[in-house]
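Student: Sharing a structure below in structure tokens format, with a few things to ask.
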Amino acid sequence: MPTVVAVTGHRRLAEPERAAAGVAEALDRLAGWRLGQPLEVLSGLAEGADRMAEEVALGRPDPRLVAVLPMPLAEYRRDFPSARSRADLDSLLARAAAWVELPAGPRPQVYEALGEELLRRADVLLAVWDGGPPGGPGGTAAVVARARTLGKPLAWVVAAQGRSPSARSPPAGDQPSVRYERL
């Protein structure tokens, strides 16, 4: 049985390279958490942290990606207005070992349902998150809060959102780039 790692994170990151390094560090630790078990990485394949984490995971030996889409694919594709973003989504889906579509519904309820489904399937949550409060149901902070309520192990890659040019993660010496809970 693989160790199932669900990914949640911000769509815009201030320092994507630093976040990717944190994801690689977290996946290395999770690969050793249950010796001999391969990693299976679950994601909604949203822009930003989800896709970055999947690319990092796919660079590992024997990666297994499972996409959990928050709605039927045709509808989800409309959430990504650029042709490049849709092509990136299609590329990751083509490399996924499997993918499932959750039922359509109003936003943000579909994203809240996605978070619940990821947590239901996962052994551990990998969050690429700035540590801020929830911005609404289904967002990164809400999924992290729900994981904590459920007692799920958490690997938290500390990463600032890229909403403004001044948004930056704290310097590496100020705090760890990855924090672990219940691992």
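Lettering and numbering for the structure tokens are positional, with chains as A, B, ... in the shown order, residues counted from 1 in each chain, and ligands counted from 1 in the shown order.
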Any chance you could list, as JSON, numbers by chain, the residues in stretch 20-107 of chain A that come up strand (DSSP E) when DSSP is run on the backbone?

Tutor: {"A": [39, 40, 41, 42, 43, 65, 66, 67, 68, 69, 98, 99, 100, 101]}

Student: Keeping N, CA, C and O atoms, export the residues of the selection given above as a compact mmCIF listing (two decimals), in the first residue's frame.

Tutor:
# COMPACT_ATOMS: atom_id res chain seq x y z
N LEU A 39 5.18 6.49 -2.66
CA LEU A 39 4.30 7.63 -2.46
C LEU A 39 3.28 7.71 -3.60
O LEU A 39 3.62 7.51 -4.77
N GLU A 40 2.05 8.02 -3.24
CA GLU A 40 1.01 8.36 -4.20
C GLU A 40 0.58 9.78 -3.86
O GLU A 40 0.24 10.06 -2.71
N VAL A 41 0.65 10.67 -4.83
CA VAL A 41 0.37 12.08 -4.59
C VAL A 41 -0.97 12.44 -5.23
O VAL A 41 -1.17 12.24 -6.42
N LEU A 42 -1.88 12.96 -4.40
CA LEU A 42 -3.21 13.38 -4.84
C LEU A 42 -3.26 14.89 -4.96
O LEU A 42 -2.73 15.59 -4.10
N SER A 43 -3.94 15.38 -6.00
CA SER A 43 -4.02 16.82 -6.19
C SER A 43 -5.21 17.16 -7.07
O SER A 43 -5.60 16.37 -7.93
N LEU A 65 0.80 9.71 -9.54
CA LEU A 65 -0.05 10.89 -9.41
C LEU A 65 -1.50 10.46 -9.61
O LEU A 65 -1.82 9.75 -10.56
N VAL A 66 -2.36 10.90 -8.69
CA VAL A 66 -3.80 10.70 -8.84
C VAL A 66 -4.43 12.09 -8.77
O VAL A 66 -4.25 12.81 -7.79
N ALA A 67 -5.14 12.45 -9.82
CA ALA A 67 -5.82 13.75 -9.87
C ALA A 67 -7.24 13.58 -9.35
O ALA A 67 -7.95 12.65 -9.74
N VAL A 68 -7.63 14.49 -8.47
CA VAL A 68 -9.01 14.53 -7.96
C VAL A 68 -9.54 15.90 -8.37
O VAL A 68 -9.19 16.92 -7.78
N LEU A 69 -10.35 15.91 -9.42
CA LEU A 69 -10.87 17.17 -9.95
C LEU A 69 -12.12 17.58 -9.19
O LEU A 69 -12.98 16.74 -8.90
N ALA A 98 -4.23 7.82 -12.47
CA ALA A 98 -5.69 7.77 -12.44
C ALA A 98 -6.20 9.17 -12.14
O ALA A 98 -5.45 10.02 -11.63
N TRP A 99 -7.46 9.40 -12.46
CA TRP A 99 -8.09 10.65 -12.05
C TRP A 99 -9.57 10.43 -11.91
O TRP A 99 -10.15 9.55 -12.53
N VAL A 100 -10.15 11.23 -11.01
CA VAL A 100 -11.59 11.17 -10.75
C VAL A 100 -12.14 12.59 -10.81
O VAL A 100 -11.43 13.55 -10.57
N GLU A 101 -13.41 12.67 -11.15
CA GLU A 101 -14.11 13.94 -11.19
C GLU A 101 -15.19 13.93 -10.11
O GLU A 101 -15.98 12.99 -10.05

Student: Just the residues within 10 Å of A:Gly115, please, counting only C-alpha atoms, with nothing from its chain fewer than 6 positions along; format it as a count of residues only.

Tutor: 17

Student: Determine which residues of stretch 84-180 of chain A DSSP labels as helix (DSSP H, G or I) from the backbone of this structure, then write them out as JSON, numbers by chain.

Tutor: {"A": [84, 85, 86, 87, 88, 89, 90, 91, 92, 93, 94, 95, 109, 110, 111, 112, 113, 114, 115, 116, 117, 118, 119, 120, 121, 140, 141, 142, 143, 144, 145, 146, 147, 148, 149, 150]}

Student: Identify, on the basis of only C-alpha atoms, every residue whose closest approach to stretch 119-131 of chain A does not exceed 6 Å; exclude the query and any residue fewer than 2 positions from it along the same chain; express the result as a CSV table (one decimal) with all heavy atoms, in the first residue's frame.

Tutor:
chain,number,residue,atom,x,y,z
A,4,VAL,N,-0.3,7.8,0.9
A,4,VAL,CA,-1.0,8.7,0.1
A,4,VAL,C,-0.9,10.1,0.7
A,4,VAL,O,-1.2,10.4,1.8
A,4,VAL,CB,-2.5,8.3,0.0
A,4,VAL,CG1,-3.3,9.3,-0.8
A,4,VAL,CG2,-2.6,6.9,-0.5
A,5,VAL,N,-0.3,11.0,-0.2
A,5,VAL,CA,-0.1,12.4,0.2
A,5,VAL,C,-1.0,13.3,-0.6
A,5,VAL,O,-0.9,13.3,-1.8
A,5,VAL,CB,1.4,12.8,-0.1
A,5,VAL,CG1,1.7,14.2,0.3
A,5,VAL,CG2,2.4,11.8,0.6
A,6,ALA,N,-1.9,14.0,0.1
A,6,ALA,CA,-2.7,15.0,-0.6
A,6,ALA,C,-2.1,16.4,-0.6
A,6,ALA,O,-1.4,16.7,0.4
A,6,ALA,CB,-4.1,15.1,0.1
A,7,VAL,N,-2.2,17.1,-1.7
A,7,VAL,CA,-1.6,18.4,-1.8
A,7,VAL,C,-2.6,19.5,-1.8
A,7,VAL,O,-3.7,19.4,-2.5
A,7,VAL,CB,-0.8,18.5,-3.1
A,7,VAL,CG1,-0.2,19.9,-3.3
A,7,VAL,CG2,0.3,17.5,-3.1
A,8,THR,N,-2.4,20.5,-1.0
A,8,THR,CA,-3.2,21.8,-1.1
A,8,THR,C,-2.2,22.9,-1.0
A,8,THR,O,-1.1,22.8,-0.5
A,8,THR,CB,-4.2,21.8,0.1
A,8,THR,OG1,-5.1,22.9,-0.1
A,8,THR,CG2,-3.5,22.0,1.4
A,9,GLY,N,-2.6,24.0,-1.6
A,9,GLY,CA,-1.7,25.2,-1.6
A,9,GLY,C,-2.2,26.4,-2.4
A,9,GLY,O,-3.2,26.3,-3.0
A,116,GLU,N,-12.3,18.0,1.2
A,116,GLU,CA,-12.8,16.9,2.0
A,116,GLU,C,-12.4,15.5,1.4
A,116,GLU,O,-12.0,14.6,2.1
A,116,GLU,CB,-14.3,16.9,2.2
A,116,GLU,CG,-14.7,18.0,3.2
A,116,GLU,CD,-14.3,17.7,4.6
A,116,GLU,OE1,-14.3,16.6,5.0
A,116,GLU,OE2,-14.0,18.7,5.3
A,117,GLU,N,-12.5,15.4,0.1
A,117,GLU,CA,-12.2,14.2,-0.6
A,117,GLU,C,-10.7,13.9,-0.6
A,117,GLU,O,-10.3,12.8,-0.3
A,117,GLU,CB,-12.6,14.3,-2.1
A,117,GLU,CG,-12.4,13.0,-2.9
A,117,GLU,CD,-13.2,11.8,-2.4
A,117,GLU,OE1,-14.2,12.0,-1.7
A,117,GLU,OE2,-12.9,10.7,-2.9
A,152,LYS,N,-4.9,14.5,11.1
A,152,LYS,CA,-4.1,14.0,10.0
A,152,LYS,C,-2.7,14.5,10.1
A,152,LYS,O,-2.5,15.7,10.5
A,152,LYS,CB,-4.6,14.5,8.6
A,152,LYS,CG,-5.8,13.9,8.1
A,152,LYS,CD,-5.6,12.7,7.4
A,152,LYS,CE,-6.9,12.1,6.8
A,152,LYS,NZ,-6.8,10.8,6.3
A,153,PRO,N,-1.7,13.7,9.8
A,153,PRO,CA,-0.3,14.2,9.8
A,153,PRO,C,-0.2,15.3,8.7
A,153,PRO,O,-0.9,15.3,7.7
A,153,PRO,CB,0.5,13.0,9.4
A,153,PRO,CG,-0.3,11.9,9.9
A,153,PRO,CD,-1.7,12.3,9.6
A,154,LEU,N,0.7,16.3,9.0
A,154,LEU,CA,0.8,17.5,8.1
A,154,LEU,C,2.2,17.8,7.9
A,154,LEU,O,3.0,17.9,8.8
A,154,LEU,CB,0.1,18.7,8.8
A,154,LEU,CG,0.2,20.1,8.1
A,154,LEU,CD1,-0.5,20.1,6.8
A,154,LEU,CD2,-0.3,21.1,9.1
A,155,ALA,N,2.6,18.0,6.6
A,155,ALA,CA,3.9,18.6,6.2
A,155,ALA,C,3.5,19.9,5.6
A,155,ALA,O,2.8,20.0,4.6
A,155,ALA,CB,4.6,17.7,5.2
A,156,TRP,N,4.0,21.0,6.2
A,156,TRP,CA,3.6,22.4,5.9
A,156,TRP,C,4.8,23.1,5.3
A,156,TRP,O,5.8,23.4,6.0
A,156,TRP,CB,3.1,23.1,7.1
A,156,TRP,CG,2.9,24.6,6.9
A,156,TRP,CD1,2.9,25.3,5.8
A,156,TRP,CD2,2.8,25.5,8.0
A,156,TRP,NE1,2.7,26.6,6.1
A,156,TRP,CE2,2.7,26.8,7.5
A,156,TRP,CE3,2.7,25.4,9.4
A,156,TRP,CZ2,2.5,27.9,8.2
A,156,TRP,CZ3,2.6,26.5,10.2
A,156,TRP,CH2,2.5,27.8,9.6
A,157,VAL,N,4.8,23.3,4.0
A,157,VAL,CA,5.9,24.1,3.3
A,157,VAL,C,5.5,25.6,3.5
A,157,VAL,O,4.5,26.0,3.0
A,157,VAL,CB,6.0,23.8,1.8
A,157,VAL,CG1,7.0,24.6,1.1
A,157,VAL,CG2,6.3,22.3,1.6
A,158,VAL,N,6.3,26.3,4.3
A,158,VAL,CA,6.0,27.7,4.6
A,158,VAL,C,6.3,28.5,3.3
A,158,VAL,O,7.5,28.5,2.8
A,158,VAL,CB,6.9,28.2,5.7
A,158,VAL,CG1,6.6,29.7,6.0
A,158,VAL,CG2,6.6,27.3,7.0
A,159,ALA,N,5.3,29.1,2.7
A,159,ALA,CA,5.4,29.8,1.5
A,159,ALA,C,4.4,31.0,1.4
A,159,ALA,O,3.2,30.8,1.6
A,159,ALA,CB,5.1,28.9,0.3
A,160,ALA,N,4.9,32.2,1.1
A,160,ALA,CA,4.1,33.3,1.0
A,160,ALA,C,3.3,33.3,-0.3
A,160,ALA,O,3.8,32.8,-1.3
A,160,ALA,CB,5.0,34.6,1.1

Student: Between A:Glu17, A:Glu75, A:Asp62, A:Asp88, which is the closest to A:Glu47 once you count only C-alpha atoms?

Tutor: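 When distances to A:Glu47 are compared using only C-alpha atoms, the smallest one comes from A:Asp88.
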
Student: Could you please determine the separation between atom CA of A:Gly22 and atom CA of A:Asp90 in Å, to one decimal place?

Tutor: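 Between atom CA of A:Gly22 and atom CA of A:Asp90 the gap is 25.2 Å.
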